[in-house]
$ cat entry-v5.csv   # CSV, C-alpha atoms and all ligand atoms
chain,number,residue,atom,x,y,z
A,58,MET,CA,-29.4,-65.4,39.0
A,59,ASN,CA,-27.3,-66.0,36.0
A,60,ILE,CA,-24.6,-68.5,37.0
A,61,LYS,CA,-25.6,-70.7,34.0
A,62,LYS,CA,-23.3,-68.8,31.7
A,63,TYR,CA,-20.3,-70.0,33.6
A,64,PHE,CA,-20.8,-73.7,33.3
A,65,SER,CA,-23.5,-74.8,31.0
A,66,LYS,CA,-22.4,-73.2,27.8
A,67,PRO,CA,-21.8,-75.7,25.1
A,68,VAL,CA,-18.1,-76.1,24.6
A,69,ASP,CA,-16.6,-75.5,21.1
A,70,LYS,CA,-14.0,-78.3,21.2
A,71,LYS,CA,-11.9,-76.6,18.6
A,72,ALA,CA,-11.9,-73.2,20.2
A,73,GLN,CA,-11.5,-74.7,23.6
A,74,ASN,CA,-8.3,-74.1,25.5
A,75,THR,CA,-6.9,-76.8,27.6
A,76,ALA,CA,-5.1,-76.3,30.8
A,77,GLY,CA,-2.5,-78.9,29.9
A,78,ASN,CA,-4.0,-81.8,31.9
A,79,GLY,CA,-7.1,-82.5,29.8
A,80,GLN,CA,-9.0,-80.1,31.9
A,81,GLU,CA,-11.2,-77.6,30.1
A,82,LYS,CA,-9.8,-74.1,30.5
A,83,ALA,CA,-12.7,-72.2,31.8
A,84,LYS,CA,-13.3,-68.5,31.3
A,85,SER,CA,-11.7,-66.1,33.7
A,86,PRO,CA,-14.1,-63.7,35.5
A,87,LYS,CA,-13.8,-60.0,34.8
A,88,TYR,CA,-12.8,-57.9,37.8
A,89,LEU,CA,-15.1,-55.0,38.7
A,90,THR,CA,-13.7,-52.2,40.9
A,91,LYS,CA,-16.2,-49.4,40.3
A,92,LEU,CA,-19.8,-49.2,41.4
A,93,ALA,CA,-20.6,-47.8,38.0
A,94,GLN,CA,-19.9,-51.3,36.7
A,95,ILE,CA,-22.9,-52.7,38.7
A,96,PRO,CA,-25.9,-52.0,36.5
A,97,GLN,CA,-28.4,-53.3,39.1
A,98,LEU,CA,-27.8,-50.4,41.4
A,99,SER,CA,-30.1,-47.4,41.1
A,100,GLU,CA,-28.5,-43.9,40.7
A,101,ILE,CA,-29.4,-43.1,44.3
A,102,GLU,CA,-28.0,-46.3,45.7
A,103,ARG,CA,-24.8,-45.9,43.7
A,104,SER,CA,-24.3,-42.3,44.9
A,105,ASP,CA,-24.8,-43.4,48.5
A,106,LEU,CA,-22.5,-46.4,48.2
A,107,GLU,CA,-19.8,-44.4,46.5
A,108,LYS,CA,-19.3,-42.7,49.9
A,109,VAL,CA,-18.7,-46.1,51.5
A,110,SER,CA,-16.3,-47.3,48.8
A,111,GLU,CA,-14.3,-44.1,49.2
A,112,GLU,CA,-13.7,-45.2,52.8
A,113,PHE,CA,-13.4,-49.0,52.4
A,114,VAL,CA,-12.3,-50.3,49.0
A,115,PHE,CA,-14.8,-52.1,46.7
A,116,ARG,CA,-13.9,-54.9,44.4
A,117,THR,CA,-15.8,-57.9,43.0
A,118,ASN,CA,-16.0,-59.9,39.7
A,119,ASP,CA,-18.7,-60.8,37.3
A,120,TYR,CA,-18.7,-64.5,38.3
A,121,TYR,CA,-19.3,-63.7,42.0
A,122,GLN,CA,-21.9,-61.0,41.0
A,123,SER,CA,-23.8,-63.6,39.1
A,124,LEU,CA,-24.5,-65.4,42.3
A,125,ILE,CA,-26.5,-62.4,43.6
A,126,ASP,CA,-30.3,-62.5,43.5
A,127,TRP,CA,-31.0,-58.8,42.8
A,128,ASN,CA,-34.7,-59.4,43.5
A,129,ASP,CA,-33.8,-59.9,47.1
A,130,PRO,CA,-32.5,-56.6,48.7
A,131,ASN,CA,-31.2,-58.7,51.6
A,132,ASP,CA,-29.5,-61.3,49.4
A,133,PRO,CA,-26.6,-62.9,51.4
A,134,ILE,CA,-24.1,-62.9,48.6
A,135,ARG,CA,-24.9,-59.2,48.0
A,136,ARG,CA,-24.2,-58.6,51.7
A,137,ILE,CA,-20.8,-60.2,51.4
A,138,VAL,CA,-19.5,-58.1,48.7
A,139,MET,CA,-21.6,-55.0,48.1
A,140,PRO,CA,-21.1,-51.9,50.3
A,141,ASP,CA,-23.6,-51.1,53.0
A,142,VAL,CA,-24.1,-47.4,54.0
A,143,ARG,CA,-24.0,-48.5,57.7
A,144,GLU,CA,-20.3,-49.2,57.3
A,145,LEU,CA,-19.8,-45.5,57.8
A,146,ASP,CA,-21.3,-45.7,61.3
A,147,ASP,CA,-18.7,-45.1,64.0
A,148,TRP,CA,-18.2,-48.6,65.5
A,149,GLY,CA,-15.1,-50.6,66.2
A,150,GLN,CA,-11.4,-50.2,65.6
A,151,LEU,CA,-9.2,-50.8,62.6
A,152,ASP,CA,-7.1,-53.4,64.3
A,153,ALA,CA,-9.5,-54.9,66.7
A,154,SER,CA,-7.3,-57.8,67.8
A,155,ASN,CA,-4.2,-55.7,68.0
A,156,GLU,CA,-2.4,-57.7,65.4
A,157,GLU,CA,0.2,-55.0,65.2
A,158,LYS,CA,1.4,-56.0,68.7
A,159,TYR,CA,2.5,-59.4,67.3
A,160,THR,CA,4.3,-58.1,64.3
A,161,LYS,CA,7.9,-59.2,64.8
A,162,VAL,CA,9.4,-58.1,61.5
A,163,LYS,CA,7.8,-56.5,58.5
A,164,GLY,CA,5.1,-58.8,57.1
A,165,LEU,CA,5.4,-61.4,59.9
A,166,GLU,CA,3.2,-61.9,62.9
A,167,HIS,CA,4.1,-64.4,65.7
A,168,LYS,CA,1.3,-64.7,68.3
A,169,TYR,CA,1.0,-68.4,69.1
A,170,THR,CA,4.2,-70.4,69.7
A,171,SER,CA,3.9,-72.9,66.9
A,172,THR,CA,2.4,-70.6,64.2
A,173,ALA,CA,3.7,-67.6,62.3
A,174,LEU,CA,1.8,-65.5,59.8
A,175,LEU,CA,3.4,-64.1,56.7
A,176,LEU,CA,1.3,-61.3,55.2
A,177,VAL,CA,2.5,-61.6,51.6
A,178,ASN,CA,-0.2,-59.7,49.8
A,179,GLU,CA,-2.7,-56.8,50.3
A,180,VAL,CA,-5.1,-57.7,47.5
A,181,CYS,CA,-8.0,-60.0,47.4
A,182,ALA,CA,-10.1,-61.4,44.5
A,183,ALA,CA,-13.0,-59.4,45.9
A,184,TYR,CA,-13.3,-57.5,49.2
A,185,CYS,CA,-15.6,-58.9,51.9
A,186,ARG,CA,-17.4,-56.0,53.5
A,187,PHE,CA,-16.9,-57.5,57.0
A,188,CYS,CA,-13.1,-58.0,56.6
A,189,PHE,CA,-11.2,-57.7,59.8
A,190,ARG,CA,-8.0,-56.8,57.9
A,191,LYS,CA,-9.5,-53.9,55.9
A,192,ARG,CA,-6.7,-51.7,57.3
A,193,LEU,CA,-4.3,-53.5,54.9
A,194,PHE,CA,-6.2,-52.3,51.9
A,195,MET,CA,-5.8,-48.7,52.9
A,196,ASP,CA,-3.1,-46.4,51.5
A,197,GLU,CA,-1.2,-45.9,54.7
A,198,ASN,CA,-0.8,-49.6,55.5
A,199,ASP,CA,2.8,-50.9,55.7
A,200,GLU,CA,2.2,-54.2,57.4
A,201,VAL,CA,2.5,-56.3,54.3
A,202,THR,CA,5.6,-57.0,52.3
A,203,LYS,CA,6.4,-58.8,49.2
A,204,ASP,CA,10.0,-59.1,50.3
A,205,ILE,CA,9.8,-62.0,52.8
A,206,THR,CA,13.6,-62.1,53.5
A,207,GLU,CA,13.3,-60.8,57.0
A,208,GLY,CA,10.2,-63.0,57.7
A,209,LEU,CA,12.0,-66.1,56.6
A,210,GLU,CA,15.0,-65.3,58.7
A,211,TYR,CA,12.8,-64.9,61.7
A,212,ILE,CA,11.2,-68.3,61.1
A,213,ARG,CA,14.6,-70.0,60.6
A,214,GLU,CA,15.7,-68.6,64.0
A,215,HIS,CA,12.6,-69.9,65.7
A,216,PRO,CA,12.5,-73.7,65.7
A,217,GLU,CA,9.2,-73.7,67.7
A,218,ILE,CA,7.4,-72.5,64.5
A,219,THR,CA,6.0,-75.6,62.9
A,220,ASN,CA,3.2,-73.9,61.0
A,221,VAL,CA,3.4,-71.0,58.6
A,222,LEU,CA,0.2,-69.3,57.4
A,223,LEU,CA,0.4,-67.3,54.2
A,224,THR,CA,-2.2,-64.6,54.4
A,225,GLY,CA,-2.8,-61.0,53.6
A,226,GLY,CA,-4.9,-60.2,51.5
A,227,ASP,CA,-5.2,-63.3,49.6
A,228,PRO,CA,-2.0,-65.1,48.6
A,229,MET,CA,-3.8,-67.2,46.0
A,230,ILE,CA,-4.6,-64.2,43.9
A,231,MET,CA,-0.8,-64.1,43.2
A,232,SER,CA,0.4,-65.9,40.1
A,233,THR,CA,1.9,-69.3,40.9
A,234,SER,CA,5.2,-68.1,39.6
A,235,LYS,CA,5.2,-65.5,42.5
A,236,LEU,CA,3.7,-67.9,45.1
A,237,GLU,CA,5.9,-70.9,44.4
A,238,PRO,CA,9.3,-69.3,45.4
A,239,ILE,CA,7.7,-68.3,48.8
A,240,ILE,CA,6.5,-71.9,49.4
A,241,GLN,CA,9.7,-73.3,48.2
A,242,GLN,CA,11.8,-71.2,50.6
A,243,ILE,CA,9.5,-72.1,53.5
A,244,ARG,CA,9.8,-75.8,52.6
A,245,GLU,CA,13.5,-75.5,52.9
A,246,ILE,CA,13.1,-74.8,56.7
A,247,ASP,CA,13.1,-78.2,58.2
A,248,HIS,CA,11.2,-77.4,61.4
A,249,VAL,CA,8.2,-75.9,59.4
A,250,LYS,CA,5.9,-78.9,58.8
A,251,ILE,CA,2.6,-77.3,57.8
A,252,ILE,CA,2.2,-74.5,55.2
A,253,ARG,CA,-1.2,-72.9,55.3
A,254,ILE,CA,-2.7,-70.7,52.6
A,255,GLY,CA,-5.6,-68.5,53.8
A,256,THR,CA,-7.7,-67.8,50.7
A,257,LYS,CA,-11.2,-67.0,49.5
A,258,ILE,CA,-10.2,-67.6,45.9
A,259,PRO,CA,-12.1,-70.9,45.8
A,260,ALA,CA,-15.3,-68.9,46.5
A,261,PHE,CA,-14.6,-65.6,44.8
A,262,ASN,CA,-12.9,-67.0,41.7
A,263,PRO,CA,-12.6,-70.8,41.3
A,264,TYR,CA,-11.5,-70.3,37.7
A,265,LYS,CA,-8.2,-69.1,39.0
A,266,ILE,CA,-7.8,-72.7,40.3
A,267,LEU,CA,-9.2,-74.4,37.3
A,268,ASN,CA,-7.1,-72.4,34.8
A,269,ASP,CA,-3.8,-72.9,36.5
A,270,PRO,CA,-2.1,-76.3,36.1
A,271,SER,CA,1.1,-74.9,37.6
A,272,LEU,CA,-0.8,-74.4,40.9
A,273,HIS,CA,-1.6,-78.1,41.0
A,274,GLU,CA,2.0,-79.0,40.2
A,275,MET,CA,3.2,-76.7,43.0
A,276,ILE,CA,0.8,-78.3,45.5
A,277,LYS,CA,1.9,-81.8,44.4
A,278,THR,CA,5.5,-80.8,44.9
A,279,TYR,CA,5.3,-79.1,48.2
A,280,SER,CA,2.5,-81.0,49.9
A,281,THR,CA,4.3,-84.1,50.8
A,282,ASP,CA,3.5,-87.3,52.7
A,283,GLU,CA,5.1,-85.9,55.8
A,284,LYS,CA,4.4,-82.2,55.5
A,285,LYS,CA,1.2,-80.9,54.0
A,286,ILE,CA,-0.1,-77.7,52.5
A,287,TYR,CA,-3.4,-76.8,54.0
A,288,ILE,CA,-5.8,-74.5,52.2
A,289,MET,CA,-7.8,-72.5,54.6
A,290,ALA,CA,-10.8,-71.8,52.5
A,291,HIS,CA,-13.4,-69.2,53.2
A,292,PHE,CA,-17.0,-70.1,52.3
A,293,ASN,CA,-19.6,-68.1,54.2
A,294,HIS,CA,-22.8,-69.3,52.6
A,295,PRO,CA,-23.8,-72.5,50.9
A,296,ARG,CA,-24.7,-70.6,47.7
A,297,GLU,CA,-21.0,-70.0,47.2
A,298,LEU,CA,-20.5,-73.7,46.7
A,299,THR,CA,-21.4,-73.6,43.1
A,300,GLU,CA,-20.6,-76.5,40.7
A,301,VAL,CA,-17.4,-74.8,39.6
A,302,ALA,CA,-16.3,-73.9,43.2
A,303,VAL,CA,-16.7,-77.6,44.2
A,304,LYS,CA,-14.7,-78.5,41.2
A,305,GLY,CA,-11.9,-76.1,42.3
A,306,LEU,CA,-12.0,-77.6,45.8
A,307,ASN,CA,-11.7,-81.1,44.4
A,308,MET,CA,-8.8,-80.1,42.2
A,309,LEU,CA,-6.9,-78.7,45.2
A,310,MET,CA,-7.5,-81.9,47.2
A,311,GLN,CA,-6.6,-84.1,44.3
A,312,SER,CA,-3.3,-82.2,44.0
A,313,GLY,CA,-2.6,-83.2,47.6
A,314,ALA,CA,-3.7,-80.2,49.7
A,315,ILE,CA,-5.7,-80.6,52.8
A,316,VAL,CA,-8.7,-78.2,52.6
A,317,VAL,CA,-10.6,-76.9,55.5
A,318,ASN,CA,-13.1,-74.0,55.8
A,319,GLN,CA,-13.4,-71.1,58.2
A,320,THR,CA,-16.0,-68.4,58.2
A,321,PRO,CA,-17.2,-65.6,60.4
A,322,LEU,CA,-20.7,-65.6,61.6
A,323,ILE,CA,-22.2,-62.7,59.7
A,324,LYS,CA,-25.5,-61.0,60.2
A,325,GLY,CA,-27.7,-61.5,57.1
A,326,VAL,CA,-25.4,-64.0,55.6
A,327,ASN,CA,-25.2,-67.1,57.7
A,328,ASP,CA,-26.8,-66.2,61.0
A,329,ASP,CA,-29.7,-68.6,60.3
A,330,PRO,CA,-29.2,-72.1,61.8
A,331,ASP,CA,-30.6,-73.7,58.6
A,332,ILE,CA,-28.2,-71.9,56.4
A,333,LEU,CA,-25.2,-72.5,58.6
A,334,ALA,CA,-26.1,-76.2,58.9
A,335,GLU,CA,-26.4,-76.4,55.2
A,336,LEU,CA,-23.0,-74.9,54.8
A,337,PHE,CA,-21.4,-77.3,57.4
A,338,ASN,CA,-23.1,-80.3,55.9
A,339,ARG,CA,-22.3,-79.5,52.3
A,340,LEU,CA,-18.7,-78.9,53.1
A,341,SER,CA,-18.6,-82.2,54.9
A,342,PHE,CA,-20.1,-84.0,51.9
A,343,ILE,CA,-17.3,-82.5,49.7
A,344,GLY,CA,-14.7,-83.6,52.2
A,345,VAL,CA,-13.8,-80.1,53.5
A,346,PRO,CA,-14.1,-80.0,57.3
A,347,PRO,CA,-15.6,-76.9,58.8
A,348,TYR,CA,-12.8,-75.5,61.0
A,349,TYR,CA,-13.2,-72.2,62.9
A,350,VAL,CA,-16.4,-70.1,63.0
A,351,PHE,CA,-15.4,-66.7,64.1
A,352,LEU,CA,-17.5,-64.2,66.0
A,353,CYS,CA,-16.9,-60.9,64.1
A,354,ARG,CA,-14.2,-58.8,65.6
A,355,PRO,CA,-15.3,-55.3,66.5
A,356,THR,CA,-13.6,-53.9,63.4
A,357,LEU,CA,-14.3,-50.4,62.2
A,358,GLY,CA,-17.4,-50.3,60.0
A,359,ASN,CA,-18.4,-53.8,60.8
A,360,GLU,CA,-21.5,-53.2,63.0
A,361,PRO,CA,-24.0,-54.2,60.2
A,362,PHE,CA,-22.3,-57.7,60.1
A,363,ALA,CA,-21.7,-58.4,63.8
A,364,ILE,CA,-23.8,-60.7,66.0
A,365,PRO,CA,-23.8,-60.6,69.8
A,366,VAL,CA,-21.7,-63.3,71.3
A,367,GLU,CA,-24.6,-65.2,73.0
A,368,GLU,CA,-26.9,-64.9,70.1
A,369,GLY,CA,-24.1,-66.3,67.9
A,370,TYR,CA,-23.7,-69.2,70.3
A,371,LYS,CA,-27.4,-70.1,70.0
A,372,ILE,CA,-27.3,-70.0,66.2
A,373,PHE,CA,-24.2,-72.1,66.2
A,374,GLU,CA,-25.6,-74.7,68.5
A,375,GLU,CA,-28.9,-74.8,66.6
A,376,ALA,CA,-27.0,-75.4,63.4
A,377,ARG,CA,-24.9,-78.1,64.9
A,378,LYS,CA,-28.1,-80.0,65.9
A,379,LYS,CA,-28.8,-80.4,62.2
A,380,CYS,CA,-25.3,-81.8,61.4
A,381,SER,CA,-23.6,-85.1,61.3
A,382,GLY,CA,-20.5,-85.5,63.5
A,383,LEU,CA,-18.3,-84.9,60.6
A,384,ALA,CA,-20.1,-81.6,59.8
A,385,LYS,CA,-20.0,-80.3,63.3
A,386,ARG,CA,-16.3,-80.2,63.8
A,387,SER,CA,-15.9,-76.4,63.9
A,388,ARG,CA,-15.3,-74.4,67.0
A,389,LEU,CA,-17.0,-71.0,67.7
A,390,VAL,CA,-14.2,-68.6,68.6
A,391,MET,CA,-13.2,-65.0,69.1
A,392,SER,CA,-9.7,-64.1,67.8
A,393,HIS,CA,-9.0,-61.9,70.8
A,394,GLU,CA,-5.7,-60.1,71.5
A,395,THR,CA,-5.0,-62.7,74.3
A,396,GLY,CA,-5.8,-65.8,72.3
A,397,LYS,CA,-8.5,-67.8,70.5
A,398,VAL,CA,-11.3,-67.8,73.0
A,399,GLU,CA,-13.8,-70.5,72.4
A,400,MET,CA,-17.5,-70.1,73.4
A,401,VAL,CA,-18.3,-73.5,74.8
A,402,GLY,CA,-21.6,-73.1,76.6
A,403,MET,CA,-24.3,-71.1,78.4
A,404,SER,CA,-26.5,-71.9,81.4
A,405,ASP,CA,-28.5,-70.2,84.1
A,406,GLY,CA,-27.2,-66.7,83.5
A,407,GLN,CA,-23.7,-67.8,83.0
A,408,VAL,CA,-21.5,-68.2,79.9
A,409,PHE,CA,-18.5,-70.5,79.5
A,410,PHE,CA,-15.4,-69.8,77.5
A,411,LYS,CA,-12.2,-71.7,77.0
A,412,TYR,CA,-8.8,-70.7,75.6
A,413,ASN,CA,-8.4,-72.8,72.6
A,414,ARG,CA,-5.1,-71.0,71.9
A,415,SER,CA,-3.4,-68.4,74.0
A,416,VAL,CA,-0.5,-66.1,73.8
A,417,ASP,CA,0.4,-66.8,77.4
A,418,ILE,CA,0.9,-70.6,77.4
A,419,GLU,CA,-0.3,-70.6,81.1
A,420,ASN,CA,-3.8,-69.7,79.8
A,421,ASP,CA,-4.0,-72.6,77.2
A,422,GLY,CA,-7.0,-74.7,77.9
A,423,LYS,CA,-8.1,-72.3,80.7
A,424,PHE,CA,-11.9,-72.4,81.3
A,425,LEU,CA,-13.6,-69.2,82.3
A,426,VAL,CA,-17.1,-68.5,83.7
A,427,PHE,CA,-18.7,-65.1,83.3
A,428,ASP,CA,-22.1,-63.6,84.1
A,429,SER,CA,-24.2,-63.5,80.9
A,430,ASN,CA,-24.3,-60.3,78.9
A,431,PRO,CA,-26.6,-60.5,76.0
A,432,ASP,CA,-25.4,-57.2,74.7
A,433,ALA,CA,-21.7,-58.4,74.5
A,434,TYR,CA,-20.2,-58.4,71.0
A,435,TRP,CA,-16.7,-59.3,72.2
A,436,PHE,CA,-14.8,-60.9,74.9
A,437,ASP,CA,-13.9,-57.5,76.4
A,438,ASP,CA,-17.6,-56.8,76.9
A,439,TYR,CA,-17.7,-59.3,79.8
A,440,GLU,CA,-16.9,-58.3,83.3
A,441,GLU,CA,-14.2,-60.0,85.2
A,442,ALA,CA,-14.5,-63.8,85.2
A,443,HIS,CA,-15.8,-65.1,88.5
A,444,MET,CA,-14.5,-68.6,88.1
A,445,ILE,CA,-11.4,-69.7,86.3
A,446,PHE,CA,-10.3,-73.3,86.1
A,447,PRO,CA,-6.8,-73.9,85.0
A,448,ARG,CA,-6.5,-76.8,82.5
A,449,GLU,CA,-5.1,-79.2,85.1
A,450,TYR,CA,-7.9,-78.5,87.5
A,451,SER,CA,-10.6,-79.0,84.9
A,452,MET,CA,-9.1,-82.4,84.0
A,453,LYS,CA,-8.9,-83.5,87.7
A,454,THR,CA,-12.5,-82.4,88.1
A,455,LEU,CA,-13.6,-84.5,85.1
A,456,VAL,CA,-11.9,-87.7,86.2
A,457,SER,CA,-12.6,-87.6,89.9
B,501,LIG,S1,-10.8,-62.6,51.5
B,501,LIG,FE1,-10.2,-62.4,53.6
B,501,LIG,S2,-8.6,-60.8,53.6
B,501,LIG,FE2,-9.8,-60.6,51.7
B,501,LIG,S3,-11.4,-59.2,52.1
B,501,LIG,FE3,-12.3,-61.2,52.5
B,501,LIG,S4,-11.9,-61.5,54.7
B,501,LIG,FE4,-10.6,-59.8,54.1
$ encode --input "entry-v5.csv" --output "structure tokens" --more "lines below"
Ligand code: SF4
Amino acid sequence: MNIKKYFSKPVDKKAQNTAGNGQEKAKSPKYLTKLAQIPQLSEIERSDLEKVSEEFVFRTNDYYQSLIDWNDPNDPIRRIVMPDVRELDDWGQLDASNEEKYTKVKGLEHKYTSTALLLVNEVCAAYCRFCFRKRLFMDENDEVTKDITEGLEYIREHPEITNVLLTGGDPMIMSTSKLEPIIQQIREIDHVKIIRIGTKIPAFNPYKILNDPSLHEMIKTYSTDEKKIYIMAHFNHPRELTEVAVKGLNMLMQSGAIVVNQTPLIKGVNDDPDILAELFNRLSFIGVPPYYVFLCRPTLGNEPFAIPVEEGYKIFEEARKKCSGLAKRSRLVMSHETGKVEMVGMSDGQVFFKYNRSVDIENDGKFLVFDSNPDAYWFDDYEEAHMIFPREYSMKTLVS
């Protein structure tokens, strides 16, 4: 692994750029979009993987590549970003949670009452092989728009929307000069309190944060005492928390953003309780609460990354045993078409789920009991629930 070149090179003080705030201007990674740019691949591997990248786009950068241990064919960082021939197996659907159903105007999804999503970008700093939105990177996609006029109008007309999530793609790959007007216009809508930015830039390219003082100014301006900007970071494995990534996270927090982390549970990446616990604990040390852990949606091509629901729950619980209270704040959920279904327990051949968020408000907090199905990869793989407790009933049961 050659991450050294990124942060232990002696600095030539004269040649050194500064980012305007006394901060060393670090080098920017070089983007790599062709498998021919990955010298570690053999000819045979490259030719096999070309077929995958023709189907599902490939992109990485030399910083992120430097985190890969090429001596390990199952290296977790490699699994995140390098194509896998099994992606071509016929499994899953392109839009596994039917996000299209919640698209109200171009580029805006409104699924949960208080939260709207603005899909502002269809590019990421690198492409995760397990991405559930890979459809956005395909030519025929038209769910994303850079013109958010209609989306903003929709938000203005819906006072129940208190949270707006900027997503895509990765909004933080945009220059701050493009991102700021979006944030500014959302901030002008009084009923929107929280602006979230979903991003893997802190993991894929922390230099984008370190090199951009205008980003910090923007966060300082629009993350106020009363209305915060939340950065929804996306670290999957503790090895992504390099010295420079941690620096980037701290810069975001020092600028006034609240940073949390969410990750899918991914086969061969973080499906080991020790690894997952290390990720949770290290995030908590930095001051970044682990938020959601997602069971992989059954998205087209994602079988090599998916973990059965009940196996995932066991891994998650084992990891939590190794964590402090602060490190075990995440919830294990499925982002199902009907809502965020949390897996809360298993016992004697039964599994227990609870709606953490639901499209139908009547379902919010609803507790469901199903017969165990070790082969289930998704909520739909469970037969009809044989016990359902509405929220009120569960509460009465608890206090009686
Ligand atoms: S950063 Fe997010 S949107 Fe981009 S490829 Fe990864 S999972 Fe998909």
$ closest_atom_pairs --input "entry-v5.csv" --of "chain A" --to "ligand LIG 501 (chain B)" --cutoff "6 Å" --atoms "all atoms listed in the file" --output "CSV"
residue,atom,partner,partner_atom,distance
A:Cys181,CA,B:LIG501,FE2,4.7
A:Tyr184,CA,B:LIG501,S3,3.9
A:Cys185,CA,B:LIG501,FE3,4.1
A:Cys188,CA,B:LIG501,FE4,4.0
A:Arg190,CA,B:LIG501,FE4,5.5
A:Gly225,CA,B:LIG501,S2,5.8
A:Gly226,CA,B:LIG501,S2,4.3
A:Asp227,CA,B:LIG501,FE2,5.7
A:Lys257,CA,B:LIG501,S1,4.8
$ atom_distance --input "entry-v5.csv" --atom1 "CA of Lys423 in chain A" --atom2 "CA of Ile445 in chain A"
7.0 Å
$ closest_residue --input "entry-v5.csv" --among "A:Ile137, A:Val114, A:Leu165, A:Ile239" --to "Met195 in chain A" --atoms "all atoms listed in the file"
A:Val114
$ residues_near_point --input "entry-v5.csv" --point "(-22.8, -50.5, 42.2)" --cutoff "12 Å" --atoms "only C-alpha atoms" --output "ChimeraX atom specification"
/A:89-110,115-118,122,127,135,138-141
$ closest_atom_pairs --input "entry-v5.csv" --of "range 205-261 of chain A" --to "range 302-326 of chain A" --cutoff "9 Å" --atoms "all atoms listed in the file" --output "tab-separated table"
residue	atom	partner	partner_atom	distance
A:Pro259	CA	A:Ala302	CA	5.8
A:Ala260	CA	A:Ala302	CA	6.1
A:Phe261	CA	A:Ala302	CA	8.6
$ residues_around --input "entry-v5.csv" --residues "Asn420 in chain A" --least-positions-apart "3" --cutoff "12 Å" --atoms "all atoms listed in the file" --output "PDB file with C-alpha atoms, keeping the file's coordinate frame"
ATOM      1  CA  TYR A 169       1.000 -68.400  69.100  1.00  0.00           C
ATOM      2  CA  THR A 395      -5.000 -62.700  74.300  1.00  0.00           C
ATOM      3  CA  GLY A 396      -5.800 -65.800  72.300  1.00  0.00           C
ATOM      4  CA  LYS A 397      -8.500 -67.800  70.500  1.00  0.00           C
ATOM      5  CA  VAL A 398     -11.300 -67.800  73.000  1.00  0.00           C
ATOM      6  CA  PHE A 410     -15.400 -69.800  77.500  1.00  0.00           C
ATOM      7  CA  LYS A 411     -12.200 -71.700  77.000  1.00  0.00           C
ATOM      8  CA  TYR A 412      -8.800 -70.700  75.600  1.00  0.00           C
ATOM      9  CA  ASN A 413      -8.400 -72.800  72.600  1.00  0.00           C
ATOM     10  CA  ARG A 414      -5.100 -71.000  71.900  1.00  0.00           C
ATOM     11  CA  SER A 415      -3.400 -68.400  74.000  1.00  0.00           C
ATOM     12  CA  VAL A 416      -0.500 -66.100  73.800  1.00  0.00           C
ATOM     13  CA  ASP A 417       0.400 -66.800  77.400  1.00  0.00           C
ATOM     14  CA  LYS A 423      -8.100 -72.300  80.700  1.00  0.00           C
ATOM     15  CA  PHE A 424     -11.900 -72.400  81.300  1.00  0.00           C
ATOM     16  CA  LEU A 425     -13.600 -69.200  82.300  1.00  0.00           C
ATOM     17  CA  ILE A 445     -11.400 -69.700  86.300  1.00  0.00           C
ATOM     18  CA  PHE A 446     -10.300 -73.300  86.100  1.00  0.00           C
ATOM     19  CA  PRO A 447      -6.800 -73.900  85.000  1.00  0.00           C
ATOM     20  CA  ARG A 448      -6.500 -76.800  82.500  1.00  0.00           C
ATOM     21  CA  GLU A 449      -5.100 -79.200  85.100  1.00  0.00           C
TER      22      GLU A 449
END
$ closest_residue --input "entry-v5.csv" --among "A:Glu375, A:Glu197, A:Glu300, A:Asp204" --to "Leu333 in chain A" --atoms "all atoms listed in the file"
A:Glu375
$ closest_residue --input "entry-v5.csv" --among "A:Ser271, A:Asn198, A:Thr219, A:Asn131" --to "Ile252 in chain A" --atoms "all atoms listed in the file"
A:Thr219
